[in-house]
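Source file: data_3.cif; contents: mmCIF, C-alpha atoms and all ligand atoms.
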```
data_entry
#
loop_
_atom_site.label_atom_id
_atom_site.label_comp_id
_atom_site.auth_asym_id
_atom_site.auth_seq_id
_atom_site.Cartn_x
_atom_site.Cartn_y
_atom_site.Cartn_z
CA MET A 1 -15.63 -15.23 -28.33
CA ALA A 2 -12.02 -16.40 -28.70
CA ALA A 3 -10.77 -18.58 -25.84
CA PRO A 4 -8.06 -17.19 -23.52
CA ARG A 5 -4.47 -18.29 -24.15
CA MET A 6 -3.33 -20.31 -21.14
CA THR A 7 -0.08 -21.89 -19.91
CA PRO A 8 -0.60 -25.67 -20.29
CA ASP A 9 -1.56 -27.90 -17.35
CA LEU A 10 -2.86 -25.27 -14.94
CA PRO A 11 -4.68 -26.73 -11.94
CA THR A 12 -8.45 -26.32 -11.63
CA GLU A 13 -8.26 -25.88 -7.84
CA GLN A 14 -5.94 -23.81 -5.63
CA TRP A 15 -5.27 -22.80 -2.03
CA ALA A 16 -6.68 -19.47 -0.86
CA GLN A 17 -7.39 -17.52 2.33
CA VAL A 18 -11.08 -16.66 2.38
CA VAL A 19 -13.00 -14.10 4.45
CA GLU A 20 -16.34 -15.87 4.88
CA GLU A 21 -17.73 -13.49 7.48
CA THR A 22 -16.53 -10.01 8.47
CA GLY A 23 -14.90 -9.93 11.91
CA LYS A 24 -14.06 -13.68 11.87
CA PRO A 25 -10.68 -15.36 11.24
CA VAL A 26 -9.81 -16.08 7.60
CA VAL A 27 -10.34 -19.66 6.35
CA TYR A 28 -7.55 -21.48 4.46
CA LYS A 29 -9.24 -23.68 1.88
CA LYS A 30 -9.29 -24.86 -1.73
CA ILE A 31 -11.29 -22.85 -4.26
CA PRO A 32 -11.62 -23.05 -8.07
CA VAL A 33 -9.13 -21.34 -10.43
CA ARG A 34 -11.06 -18.93 -12.68
CA GLN A 35 -10.47 -18.24 -16.37
CA PRO A 36 -9.64 -14.67 -17.42
CA GLY A 37 -12.24 -12.67 -19.38
CA PRO A 38 -11.32 -11.04 -22.74
CA ASP A 39 -9.67 -7.95 -21.16
CA GLU A 40 -8.14 -9.78 -18.18
CA VAL A 41 -5.00 -11.70 -17.28
CA LEU A 42 -4.52 -14.61 -14.91
CA ILE A 43 -1.44 -14.31 -12.71
CA ASN A 44 0.17 -17.10 -10.72
CA ILE A 45 0.81 -15.08 -7.56
CA LYS A 46 4.10 -16.14 -6.00
CA TYR A 47 4.24 -13.62 -3.15
CA SER A 48 1.81 -11.10 -1.70
CA GLY A 49 2.43 -8.38 0.84
CA VAL A 50 -0.03 -8.02 3.71
CA CYS A 51 -1.33 -4.44 4.02
CA HIS A 52 -3.26 -2.98 6.94
CA THR A 53 -6.04 -2.36 4.40
CA ASP A 54 -6.52 -6.16 4.25
CA LEU A 55 -7.05 -6.16 8.01
CA HIS A 56 -9.53 -3.25 7.74
CA ALA A 57 -11.41 -5.39 5.17
CA VAL A 58 -11.49 -8.44 7.46
CA ASN A 59 -12.64 -6.28 10.38
CA GLY A 60 -15.29 -4.44 8.34
CA ASP A 61 -13.81 -1.08 9.41
CA TRP A 62 -14.89 1.05 6.47
CA PRO A 63 -18.18 2.54 5.20
CA ILE A 64 -18.00 0.59 1.88
CA PRO A 65 -18.89 -3.13 2.24
CA THR A 66 -16.59 -5.83 0.84
CA LYS A 67 -17.64 -8.66 -1.42
CA LEU A 68 -18.32 -11.84 0.58
CA PRO A 69 -16.95 -14.44 0.56
CA LEU A 70 -13.75 -12.53 -0.22
CA VAL A 71 -10.18 -13.42 -1.07
CA GLY A 72 -8.20 -10.44 0.29
CA GLY A 73 -4.79 -9.13 -0.75
CA HIS A 74 -3.61 -6.45 -3.19
CA GLU A 75 0.21 -6.58 -3.24
CA GLY A 76 0.64 -9.68 -5.40
CA ALA A 77 3.69 -10.36 -7.54
CA GLY A 78 3.84 -13.32 -9.91
CA VAL A 79 3.95 -14.77 -13.40
CA VAL A 80 1.35 -14.33 -16.17
CA VAL A 81 -0.27 -17.71 -16.97
CA GLY A 82 -3.45 -16.69 -18.81
CA LEU A 83 -4.34 -13.97 -21.32
CA GLY A 84 -7.82 -12.88 -22.41
CA SER A 85 -8.43 -12.79 -26.16
CA LEU A 86 -8.11 -8.97 -26.34
CA VAL A 87 -4.83 -8.70 -24.41
CA GLU A 88 -1.91 -7.82 -26.63
CA ASP A 89 0.87 -6.12 -24.70
CA ILE A 90 1.59 -8.80 -22.08
CA LYS A 91 2.99 -12.28 -22.75
CA LEU A 92 2.62 -15.61 -20.97
CA GLY A 93 5.61 -15.91 -18.61
CA ASP A 94 5.98 -12.15 -18.02
CA TYR A 95 6.33 -10.92 -14.43
CA ALA A 96 3.34 -8.87 -13.32
CA GLY A 97 1.70 -7.46 -10.23
CA VAL A 98 -1.85 -7.14 -8.94
CA LYS A 99 -2.40 -3.87 -7.10
CA TRP A 100 -5.34 -2.30 -5.21
CA ILE A 101 -6.80 -0.80 -8.40
CA ASN A 102 -7.70 -4.01 -10.23
CA GLY A 103 -9.50 -2.28 -13.08
CA THR A 104 -11.28 0.97 -14.00
CA CYS A 105 -13.64 2.09 -16.79
CA LEU A 106 -10.85 3.97 -18.66
CA GLN A 107 -13.59 6.27 -20.07
CA CYS A 108 -14.72 8.68 -17.33
CA SER A 109 -13.18 12.12 -16.84
CA PHE A 110 -11.04 10.84 -13.93
CA CYS A 111 -9.64 7.93 -15.96
CA GLN A 112 -9.00 10.28 -18.89
CA GLN A 113 -6.98 12.58 -16.65
CA ALA A 114 -4.92 9.75 -15.11
CA ASP A 115 -6.84 9.87 -11.84
CA GLU A 116 -7.92 6.25 -12.25
CA PRO A 117 -8.18 5.63 -8.48
CA LEU A 118 -11.07 8.16 -8.47
CA CYS A 119 -13.09 6.22 -11.11
CA SER A 120 -16.51 5.45 -9.66
CA LYS A 121 -16.42 2.04 -11.37
CA ALA A 122 -12.97 1.06 -10.02
CA LEU A 123 -12.64 -2.62 -9.06
CA LEU A 124 -10.61 -3.01 -5.86
CA SER A 125 -8.42 -6.11 -5.46
CA GLY A 126 -9.11 -7.95 -2.22
CA TYR A 127 -12.13 -5.77 -1.50
CA THR A 128 -14.76 -5.64 -4.28
CA VAL A 129 -13.09 -8.42 -6.34
CA ASP A 130 -10.96 -11.37 -5.19
CA GLY A 131 -7.34 -10.47 -4.54
CA THR A 132 -3.90 -11.96 -4.09
CA PHE A 133 -4.21 -14.31 -1.11
CA GLN A 134 -4.68 -17.16 -3.60
CA GLU A 135 -2.35 -18.88 -6.05
CA TYR A 136 -4.09 -17.62 -9.20
CA CYS A 137 -5.53 -14.11 -9.36
CA ILE A 138 -7.32 -12.19 -12.11
CA ALA A 139 -6.87 -8.50 -12.95
CA LYS A 140 -7.69 -6.20 -15.86
CA ALA A 141 -4.77 -6.18 -18.31
CA ALA A 142 -4.82 -2.37 -18.49
CA HIS A 143 -4.04 -2.09 -14.76
CA VAL A 144 -1.69 -5.00 -14.14
CA ALA A 145 1.70 -3.71 -12.97
CA ARG A 146 4.48 -4.56 -15.40
CA ILE A 147 7.45 -5.96 -13.44
CA PRO A 148 10.87 -6.17 -15.12
CA LYS A 149 12.36 -9.71 -15.17
CA GLU A 150 15.41 -8.70 -13.12
CA CYS A 151 13.24 -7.87 -10.09
CA ASN A 152 12.90 -10.22 -7.12
CA LEU A 153 9.17 -11.02 -6.82
CA GLU A 154 9.32 -11.47 -3.05
CA ALA A 155 10.98 -8.13 -2.38
CA ILE A 156 8.91 -6.16 -4.87
CA ALA A 157 5.50 -7.35 -3.58
CA PRO A 158 5.20 -4.57 -0.91
CA VAL A 159 5.96 -1.94 -3.56
CA LEU A 160 2.68 -2.79 -5.32
CA CYS A 161 0.57 -1.02 -2.70
CA ALA A 162 2.77 0.40 0.05
CA GLY A 163 5.46 1.65 -2.34
CA ILE A 164 3.14 3.13 -4.95
CA THR A 165 0.99 4.79 -2.28
CA VAL A 166 3.79 6.49 -0.36
CA TYR A 167 5.62 7.52 -3.53
CA LYS A 168 2.42 9.21 -4.73
CA GLY A 169 1.86 10.76 -1.27
CA LEU A 170 5.38 12.20 -1.25
CA LYS A 171 4.79 13.74 -4.68
CA GLU A 172 1.44 15.14 -3.49
CA SER A 173 3.20 16.76 -0.50
CA ASN A 174 5.19 18.99 -2.89
CA ALA A 175 8.22 18.63 -0.60
CA ARG A 176 11.40 19.24 -2.58
CA PRO A 177 14.87 17.69 -2.28
CA GLY A 178 16.61 19.02 0.83
CA GLN A 179 13.37 19.71 2.68
CA THR A 180 12.12 17.75 5.68
CA VAL A 181 9.18 15.31 5.89
CA ALA A 182 7.67 13.74 8.97
CA ILE A 183 6.61 10.17 8.27
CA VAL A 184 3.94 9.26 10.78
CA GLY A 185 3.69 5.50 11.26
CA ALA A 186 7.21 5.18 9.82
CA GLY A 187 7.83 1.77 11.39
CA GLY A 188 4.92 0.03 9.63
CA GLY A 189 4.56 -1.29 6.09
CA LEU A 190 3.79 1.97 4.30
CA GLY A 191 6.07 3.92 6.64
CA SER A 192 9.15 1.78 6.03
CA LEU A 193 8.75 2.20 2.27
CA ALA A 194 8.05 5.92 2.73
CA CYS A 195 11.44 6.24 4.47
CA GLN A 196 13.16 4.63 1.48
CA TYR A 197 11.32 6.68 -1.16
CA ALA A 198 11.83 9.91 0.80
CA LYS A 199 15.54 9.16 1.11
CA ALA A 200 15.77 8.40 -2.62
CA MET A 201 13.96 11.69 -3.33
CA GLY A 202 16.55 13.64 -1.33
CA LEU A 203 14.33 14.50 1.64
CA GLU A 204 15.34 14.64 5.27
CA ILE A 205 13.20 12.35 7.42
CA ILE A 206 11.67 12.63 10.88
CA ALA A 207 10.23 9.19 11.64
CA ILE A 208 7.35 8.98 14.11
CA ASP A 209 6.33 5.62 15.57
CA GLY A 210 6.67 3.65 18.80
CA GLY A 211 9.32 1.37 20.32
CA GLU A 212 13.01 0.59 19.98
CA ASP A 213 12.62 -1.90 17.09
CA LYS A 214 10.98 0.74 14.94
CA ARG A 215 13.51 3.40 15.99
CA ALA A 216 16.38 1.16 14.89
CA MET A 217 14.67 0.09 11.69
CA THR A 218 13.73 3.62 10.57
CA ALA A 219 17.29 4.83 11.30
CA SER A 220 18.65 2.07 9.06
CA LEU A 221 16.19 3.14 6.32
CA GLY A 222 17.47 6.71 6.31
CA ALA A 223 15.53 8.59 9.02
CA LYS A 224 17.67 11.21 10.75
CA HIS A 225 15.34 11.68 13.72
CA PHE A 226 12.84 9.52 15.60
CA VAL A 227 9.96 10.70 17.77
CA ASP A 228 8.47 7.90 19.87
CA PHE A 229 4.75 8.63 20.13
CA MET A 230 4.45 6.19 23.03
CA ALA A 231 7.23 7.79 25.10
CA SER A 232 6.94 11.46 24.09
CA LYS A 233 5.11 13.83 26.45
CA ASP A 234 4.54 16.32 23.63
CA VAL A 235 4.77 14.95 20.10
CA VAL A 236 4.13 18.36 18.48
CA SER A 237 7.08 20.08 20.23
CA ASP A 238 9.36 17.08 19.76
CA VAL A 239 8.70 17.02 16.00
CA LYS A 240 9.32 20.75 15.68
CA ALA A 241 12.47 20.48 17.78
CA ALA A 242 13.81 17.86 15.37
CA THR A 243 14.08 20.49 12.61
CA GLU A 244 17.15 22.71 12.38
CA ASP A 245 15.28 26.02 12.74
CA GLY A 246 12.58 24.66 15.06
CA LEU A 247 9.81 25.61 12.61
CA GLY A 248 8.74 22.04 11.87
CA PRO A 249 8.83 19.82 8.78
CA HIS A 250 7.74 20.97 5.32
CA ALA A 251 5.30 18.08 5.10
CA ALA A 252 3.79 15.27 7.14
CA ILE A 253 2.92 11.97 5.46
CA VAL A 254 0.43 10.36 7.82
CA VAL A 255 0.30 6.59 7.26
CA ALA A 256 -0.69 5.49 10.78
CA ALA A 257 -3.82 3.36 11.18
CA SER A 258 -4.95 5.29 14.29
CA GLU A 259 -6.72 8.64 14.66
CA LYS A 260 -4.55 10.58 17.13
CA PRO A 261 -1.73 11.51 14.73
CA PHE A 262 -4.29 12.95 12.29
CA GLN A 263 -5.22 15.41 15.03
CA GLN A 264 -1.61 16.53 15.55
CA ALA A 265 0.05 16.93 12.15
CA ALA A 266 -1.36 20.37 11.26
CA ASP A 267 0.13 21.66 14.53
CA TYR A 268 3.75 20.82 13.72
CA VAL A 269 4.16 21.42 9.98
CA ARG A 270 5.83 24.73 9.19
CA PRO A 271 4.10 27.68 7.53
CA ARG A 272 3.25 26.74 3.89
CA GLY A 273 3.61 23.11 4.99
CA SER A 274 1.33 20.26 3.95
CA VAL A 275 -0.34 17.37 5.72
CA VAL A 276 -0.94 14.36 3.47
CA ALA A 277 -3.48 11.92 4.94
CA ILE A 278 -2.94 8.35 3.73
CA GLY A 279 -3.82 6.06 6.66
CA LEU A 280 -7.47 5.04 6.92
CA PRO A 281 -8.33 4.46 10.60
CA SER A 282 -11.93 3.45 11.15
CA GLY A 283 -14.38 6.33 11.78
CA ALA A 284 -11.57 8.87 12.22
CA TYR A 285 -11.53 12.64 11.66
CA LEU A 286 -8.77 15.07 10.83
CA ARG A 287 -8.47 18.12 13.09
CA ALA A 288 -6.73 21.44 12.61
CA PRO A 289 -7.09 24.87 14.21
CA VAL A 290 -8.70 27.17 11.63
CA PHE A 291 -6.79 30.25 12.79
CA ASP A 292 -3.34 28.68 12.50
CA THR A 293 -4.19 26.84 9.29
CA VAL A 294 -5.15 30.15 7.69
CA ILE A 295 -2.34 32.37 8.91
CA LYS A 296 0.28 29.66 8.29
CA MET A 297 -1.22 28.77 4.88
CA ILE A 298 -1.25 25.04 5.66
CA THR A 299 -2.42 22.54 3.01
CA ILE A 300 -4.30 19.45 4.19
CA LYS A 301 -5.05 16.79 1.58
CA GLY A 302 -5.82 13.11 1.07
CA SER A 303 -3.77 10.82 -1.17
CA TYR A 304 -5.11 7.52 -2.46
CA VAL A 305 -2.82 4.85 -3.99
CA GLY A 306 -1.48 5.94 -7.41
CA ASN A 307 -2.27 5.82 -11.11
CA ARG A 308 -0.59 3.53 -13.65
CA LYS A 309 2.25 5.97 -14.25
CA ASP A 310 2.91 6.44 -10.51
CA SER A 311 2.98 2.63 -10.27
CA ALA A 312 5.51 2.30 -13.08
CA GLU A 313 7.69 5.04 -11.54
CA ALA A 314 7.58 3.45 -8.07
CA ILE A 315 8.60 0.11 -9.61
CA GLU A 316 11.45 1.82 -11.49
CA PHE A 317 12.87 3.19 -8.20
CA PHE A 318 12.88 -0.42 -6.95
CA ARG A 319 14.46 -1.76 -10.16
CA ARG A 320 17.26 0.78 -9.79
CA GLY A 321 18.07 -0.66 -6.36
CA LEU A 322 16.96 2.42 -4.39
CA ILE A 323 14.25 0.68 -2.35
CA ASN A 324 15.33 -1.89 0.23
CA ALA A 325 12.69 -2.06 2.93
CA PRO A 326 12.72 -5.00 5.36
CA TYR A 327 10.11 -7.74 5.13
CA LYS A 328 9.50 -11.11 6.74
CA THR A 329 8.08 -14.00 4.75
CA CYS A 330 5.71 -16.74 5.91
CA GLY A 331 3.31 -19.18 4.25
CA LEU A 332 -0.10 -18.09 2.94
CA SER A 333 -1.50 -20.68 5.38
CA GLU A 334 -0.23 -18.48 8.27
CA LEU A 335 -2.01 -15.27 7.22
CA GLN A 336 -4.20 -15.09 10.33
CA LYS A 337 -1.04 -14.92 12.50
CA VAL A 338 0.12 -11.90 10.49
CA TYR A 339 -3.26 -10.19 11.08
CA ASP A 340 -2.99 -10.86 14.82
CA LEU A 341 0.50 -9.27 14.97
CA MET A 342 -0.68 -6.31 12.86
CA GLN A 343 -3.70 -5.73 15.09
CA GLN A 344 -1.28 -5.42 18.04
CA GLY A 345 0.98 -3.00 16.12
CA ASN A 346 3.80 -5.55 16.39
CA ILE A 347 5.14 -5.62 12.85
CA ALA A 348 8.22 -3.55 12.00
CA GLY A 349 8.12 -3.25 8.20
CA ARG A 350 6.03 -5.62 6.06
CA TYR A 351 4.99 -9.28 6.06
CA VAL A 352 4.95 -11.10 2.74
CA VAL A 353 3.13 -14.42 2.25
CA ASP A 354 4.45 -17.19 -0.03
CA THR A 355 1.38 -18.64 -1.77
CA SER A 356 3.02 -22.07 -2.23
CA LYS A 357 3.13 -22.72 1.54
P1 LIG B 1 0.93 -0.94 9.60
O1 LIG B 1 0.06 -1.52 10.65
O2 LIG B 1 2.00 -1.77 8.97
O3 LIG B 1 1.63 0.41 10.11
C1 LIG B 1 0.99 1.39 10.87
C2 LIG B 1 2.04 1.98 11.79
O4 LIG B 1 1.47 3.12 12.46
C3 LIG B 1 2.52 1.04 12.88
O5 LIG B 1 3.93 0.91 12.84
C4 LIG B 1 2.04 1.71 14.16
O6 LIG B 1 2.92 1.48 15.27
C5 LIG B 1 2.03 3.17 13.75
N1 LIG B 1 1.24 4.04 14.64
C6 LIG B 1 0.11 3.76 15.32
N2 LIG B 1 -0.26 4.84 16.07
C7 LIG B 1 0.64 5.82 15.84
C8 LIG B 1 0.81 7.15 16.31
N3 LIG B 1 -0.04 7.68 17.18
N4 LIG B 1 1.86 7.86 15.84
C9 LIG B 1 2.74 7.33 14.97
N5 LIG B 1 2.63 6.05 14.51
C10 LIG B 1 1.60 5.31 14.93
O7 LIG B 1 -0.10 -0.42 8.46
P2 LIG B 1 0.17 -0.15 6.89
O8 LIG B 1 -0.03 -1.41 6.13
O9 LIG B 1 1.41 0.61 6.74
O10 LIG B 1 -1.12 0.78 6.55
C11 LIG B 1 -1.28 2.03 7.21
C12 LIG B 1 -2.61 2.65 6.88
O11 LIG B 1 -2.61 3.12 5.53
C13 LIG B 1 -3.83 1.73 6.99
O12 LIG B 1 -4.91 2.44 7.57
C14 LIG B 1 -4.12 1.38 5.54
O13 LIG B 1 -5.47 0.99 5.31
C15 LIG B 1 -3.80 2.70 4.89
N6 LIG B 1 -3.53 2.63 3.44
C16 LIG B 1 -3.96 3.70 2.70
C17 LIG B 1 -3.70 3.72 1.35
C18 LIG B 1 -4.12 4.90 0.53
O14 LIG B 1 -4.12 4.80 -0.70
N7 LIG B 1 -4.46 6.03 1.11
C19 LIG B 1 -3.02 2.66 0.73
C20 LIG B 1 -2.59 1.60 1.53
C21 LIG B 1 -2.85 1.61 2.89
ZN ZN B 2 -2.55 -1.62 0.67
#
```
What is this structure when it is put down as structure tokens?
Ligand code: NAD
Ligand code: ZN
Amino acid sequence: MAAPRMTPDLPTEQWAQVVEETGKPVVYKKIPVRQPGPDEVLINIKYSGVCHTDLHAVNGDWPIPTKLPLVGGHEGAGVVVGLGSLVEDIKLGDYAGVKWINGTCLQCSFCQQADEPLCSKALLSGYTVDGTFQEYCIAKAAHVARIPKECNLEAIAPVLCAGITVYKGLKESNARPGQTVAIVGAGGGLGSLACQYAKAMGLEIIAIDGGEDKRAMTASLGAKHFVDFMASKDVVSDVKAATEDGLGPHAAIVVAASEKPFQQAADYVRPRGSVVAIGLPSGAYLRAPVFDTVIKMITIKGSYVGNRKDSAEAIEFFRRGLINAPYKTCGLSELQKVYDLMQQGNIAGRYVVDTSK
């Protein structure tokens, strides 16, 4: 088999954050740099966003086990430094991104219909295959996000999961320009990007989260109203009251990593409204009254990342300058500190790690 084409003088070892045991702190250590297979690319990750999904993986929150040991991370932006022998449409030196969907079979009925996230053979970055909390990461060429050269790699990193996911969720909500969406968990990573995409899509925003920092941040991102779930005595009435006619928002995009808001959303969306579940709190259930759901014709649905076209569209919004969500940057070596802050719900917006530090 033909050898991969590689940028000269790549190191054989690199720094990475490794989950050695579920439920334990991550370990910052040196691991080997792998060579890409024929249909893969090797990307020198410059920056990676830190998603709550990475924390769920470390904590072992979900019913699907992770690979172990595991390099987490799935919002990695960087430069292509290795190309498998079959890869033709990407060049060494191009900007590219590693997202949650690392690769899929491209053959099954879901892949054929552009529902690649539903492929039963999907490889998941930072979950079933090593992800972006390392300097050099591998992904299938077919799924690597193409990033235009004019984009800032640090700022675009959170778009690669948070941005794509909320953009897809907003499309799935069927809310149209001029209508109102509640963004639940609006002050977090996905929520802050959801505010920016919703604004760009011409939607009016009711942000729901807790605390003054998140109120101020969501207002600056375009939210017209804020409901503080920690201070409110009745979230359902407060959300309805935030709409002009008191009937509630046309859609709720639920990106919180806790169960309670999944029990409330069906109660405040308006008739014909939709609840889009995106957050993945451990062991949680959705709840809705059958009677009201029927007579109000409410739609309740899940939305899971996005396909390659959704990804390209979400990146194009960013390239056009429409997406400016706040992020803080720290070294990859400090990842555990980011997890500790996230566990406490103390991050407004996103953290990005710089893999060179
Ligand atoms: P985050 O920790 O940055 O943000 C979560 C936010 O929810 C926080 O600001 C928190 O204060 C807020 N919150 C908590 N309880 C709330 C309540 N009762 N009402 C309103 N807000 C509340 O997390 P994130 O990185 O944005 O990820 C959010 C969730 O989305 C995680 O569970 C993650 O695994 C999931 N996720 C799903 C997909 C998908 O494809 N469906 C993709 C990425 C992430
Ligand atoms: Zn994510």
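Residues with any atom within 6 Å of range 264-272 of chain A, counting all atoms listed in the file and excluding same-chain neighbours fewer than 2 positions away, are A:Val236, A:Lys240, A:Leu247, A:Gly248, A:Pro249, A:His250, A:Pro261, A:Phe262, A:Ala288, A:Lys296, A:Met297, A:Ile298.
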How close does each residue of range 23-53 of chain A get to range 152-168 of chain A, giving the shortest atom pair and distance in Å to one decimal for every residue with an atom at most 12 Å away, counting all atoms listed in the file, sorted by chain and residue number, as a Markdown table?
```
| residue | atom | partner | partner_atom | distance |
| --- | --- | --- | --- | --- |
| A:Asn44 | CA | A:Leu153 | CA | 11.5 |
| A:Ile45 | CA | A:Leu153 | CA | 9.3 |
| A:Lys46 | CA | A:Leu153 | CA | 7.3 |
| A:Tyr47 | CA | A:Glu154 | CA | 5.5 |
| A:Ser48 | CA | A:Ala157 | CA | 5.6 |
| A:Gly49 | CA | A:Pro158 | CA | 5.0 |
| A:Val50 | CA | A:Pro158 | CA | 7.8 |
| A:Cys51 | CA | A:Ala162 | CA | 7.5 |
| A:His52 | CA | A:Ala162 | CA | 9.8 |
| A:Thr53 | CA | A:Cys161 | CA | 9.8 |
```
Protein and nucleic acid residues within 6 Å of ligand LIG 1 (chain B) (only C-alpha atoms and all ligand atoms) as a PyMOL selection string: chain A and resi 51-53+161-162+165+184-185+187-191+208-210+229+255-258+260-261+278-281+303-305+342+345
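Between CA of Tyr327 in chain A and CA of Ala207 in chain A lies a distance of 18.1 Å.
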Within-6 Å shell of (-13.6, -7.2, 1.1) in input frame, only C-alpha atoms, as a ChimeraX atom specification: /A:57,66-67,70,126-128
Saved selection, atoms kept: C-alpha atoms, as a compact mmCIF listing (two decimals), in the coordinates of the input:
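result_11.txt, freshly written:
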```
# COMPACT_ATOMS: atom_id res chain seq x y z
CA ALA A 57 -11.41 -5.39 5.17
CA THR A 66 -16.59 -5.83 0.84
CA LYS A 67 -17.64 -8.66 -1.42
CA LEU A 70 -13.75 -12.53 -0.22
CA GLY A 126 -9.11 -7.95 -2.22
CA TYR A 127 -12.13 -5.77 -1.50
CA THR A 128 -14.76 -5.64 -4.28
```
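CA of Met230 in chain A is found 27.0 Å from CA of Ala175 in chain A.
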d(CA of Asp310 in chain A, CA of Gly76 in chain A) in Å: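 Pair CA of Asp310 in chain A / CA of Gly76 in chain A returns 17.1 Å.
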Using all atoms listed in the file: which of A:Val71, A:Cys119, A:Val41, A:Leu124 has the shortest distance to ligand ZN 2 (chain B):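 Looking at the shortest contact to ligand ZN 2 (chain B), the residue is A:Leu124.
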Contact residues around Gly131 in chain A with only C-alpha atoms at 9 Å, ignoring same-chain residues under 5 positions, as an MDAnalysis selection string: chainID A and resid 70:76 98:100 102 124:126 137:139
Please provide the set of residues having any atom within 12 Å of range 87-91 of chain A, restricted to all atoms listed in the file, with same-chain residues fewer than 3 positions apart removed, written as a PDB file with C-alpha atoms, keeping the file's coordinate frame.
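Generated output (selection_1.pdb):
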```pdb
ATOM      1  CA  ALA A   2     -12.020 -16.400 -28.700  1.00  0.00           C
ATOM      2  CA  ALA A   3     -10.770 -18.580 -25.840  1.00  0.00           C
ATOM      3  CA  PRO A   4      -8.060 -17.190 -23.520  1.00  0.00           C
ATOM      4  CA  ARG A   5      -4.470 -18.290 -24.150  1.00  0.00           C
ATOM      5  CA  MET A   6      -3.330 -20.310 -21.140  1.00  0.00           C
ATOM      6  CA  THR A   7      -0.080 -21.890 -19.910  1.00  0.00           C
ATOM      7  CA  PRO A  36      -9.640 -14.670 -17.420  1.00  0.00           C
ATOM      8  CA  GLY A  37     -12.240 -12.670 -19.380  1.00  0.00           C
ATOM      9  CA  PRO A  38     -11.320 -11.040 -22.740  1.00  0.00           C
ATOM     10  CA  ASP A  39      -9.670  -7.950 -21.160  1.00  0.00           C
ATOM     11  CA  GLU A  40      -8.140  -9.780 -18.180  1.00  0.00           C
ATOM     12  CA  VAL A  41      -5.000 -11.700 -17.280  1.00  0.00           C
ATOM     13  CA  LEU A  42      -4.520 -14.610 -14.910  1.00  0.00           C
ATOM     14  CA  ILE A  43      -1.440 -14.310 -12.710  1.00  0.00           C
ATOM     15  CA  VAL A  79       3.950 -14.770 -13.400  1.00  0.00           C
ATOM     16  CA  VAL A  80       1.350 -14.330 -16.170  1.00  0.00           C
ATOM     17  CA  VAL A  81      -0.270 -17.710 -16.970  1.00  0.00           C
ATOM     18  CA  GLY A  82      -3.450 -16.690 -18.810  1.00  0.00           C
ATOM     19  CA  LEU A  83      -4.340 -13.970 -21.320  1.00  0.00           C
ATOM     20  CA  GLY A  84      -7.820 -12.880 -22.410  1.00  0.00           C
ATOM     21  CA  ASP A  94       5.980 -12.150 -18.020  1.00  0.00           C
ATOM     22  CA  TYR A  95       6.330 -10.920 -14.430  1.00  0.00           C
ATOM     23  CA  ALA A  96       3.340  -8.870 -13.320  1.00  0.00           C
ATOM     24  CA  GLY A  97       1.700  -7.460 -10.230  1.00  0.00           C
ATOM     25  CA  ALA A 139      -6.870  -8.500 -12.950  1.00  0.00           C
ATOM     26  CA  LYS A 140      -7.690  -6.200 -15.860  1.00  0.00           C
ATOM     27  CA  ALA A 141      -4.770  -6.180 -18.310  1.00  0.00           C
ATOM     28  CA  ALA A 142      -4.820  -2.370 -18.490  1.00  0.00           C
ATOM     29  CA  HIS A 143      -4.040  -2.090 -14.760  1.00  0.00           C
ATOM     30  CA  VAL A 144      -1.690  -5.000 -14.140  1.00  0.00           C
ATOM     31  CA  ALA A 145       1.700  -3.710 -12.970  1.00  0.00           C
ATOM     32  CA  ARG A 146       4.480  -4.560 -15.400  1.00  0.00           C
ATOM     33  CA  ILE A 147       7.450  -5.960 -13.440  1.00  0.00           C
ATOM     34  CA  PRO A 148      10.870  -6.170 -15.120  1.00  0.00           C
TER      35      PRO A 148
END
```
From A:Gly78, A:Gly178, A:Gly23, A:Gly306, residue lying nearest ligand ZN 2 (chain B) [only C-alpha atoms and all ligand atoms]: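 Closest to ligand ZN 2 (chain B) of all the choices is A:Gly306.
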Sel. within 10 Å of pt (14.9, 0.7, -2.5), counting all atoms listed in the file, output as a PyMOL selection string: chain A and resi 155-156+159+163+193+195-197+199-200+221+314-326
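Using all atoms listed in the file for every distance, the candidate list A:Asp54, A:Asp61, A:Glu21, A:Glu13 yields A:Asp54 as the residue closest to ligand ZN 2 (chain B).
The closest residue to ligand ZN 2 (chain B), picked from A:Leu55, A:Ala16, A:Ala277, A:Leu341 and counting all atoms listed in the file, is A:Leu55.
With only C-alpha atoms and all ligand atoms as the basis for measurement, A:Thr132 is the residue among A:Gln17, A:Thr132, A:Asn174, A:Ser282 that approaches ligand ZN 2 (chain B) most closely.
Here the question is which of A:Leu106, A:Val338, A:Ala77, A:Val27 gets nearest to Trp15 in chain A using only C-alpha atoms, and that residue is A:Val27.
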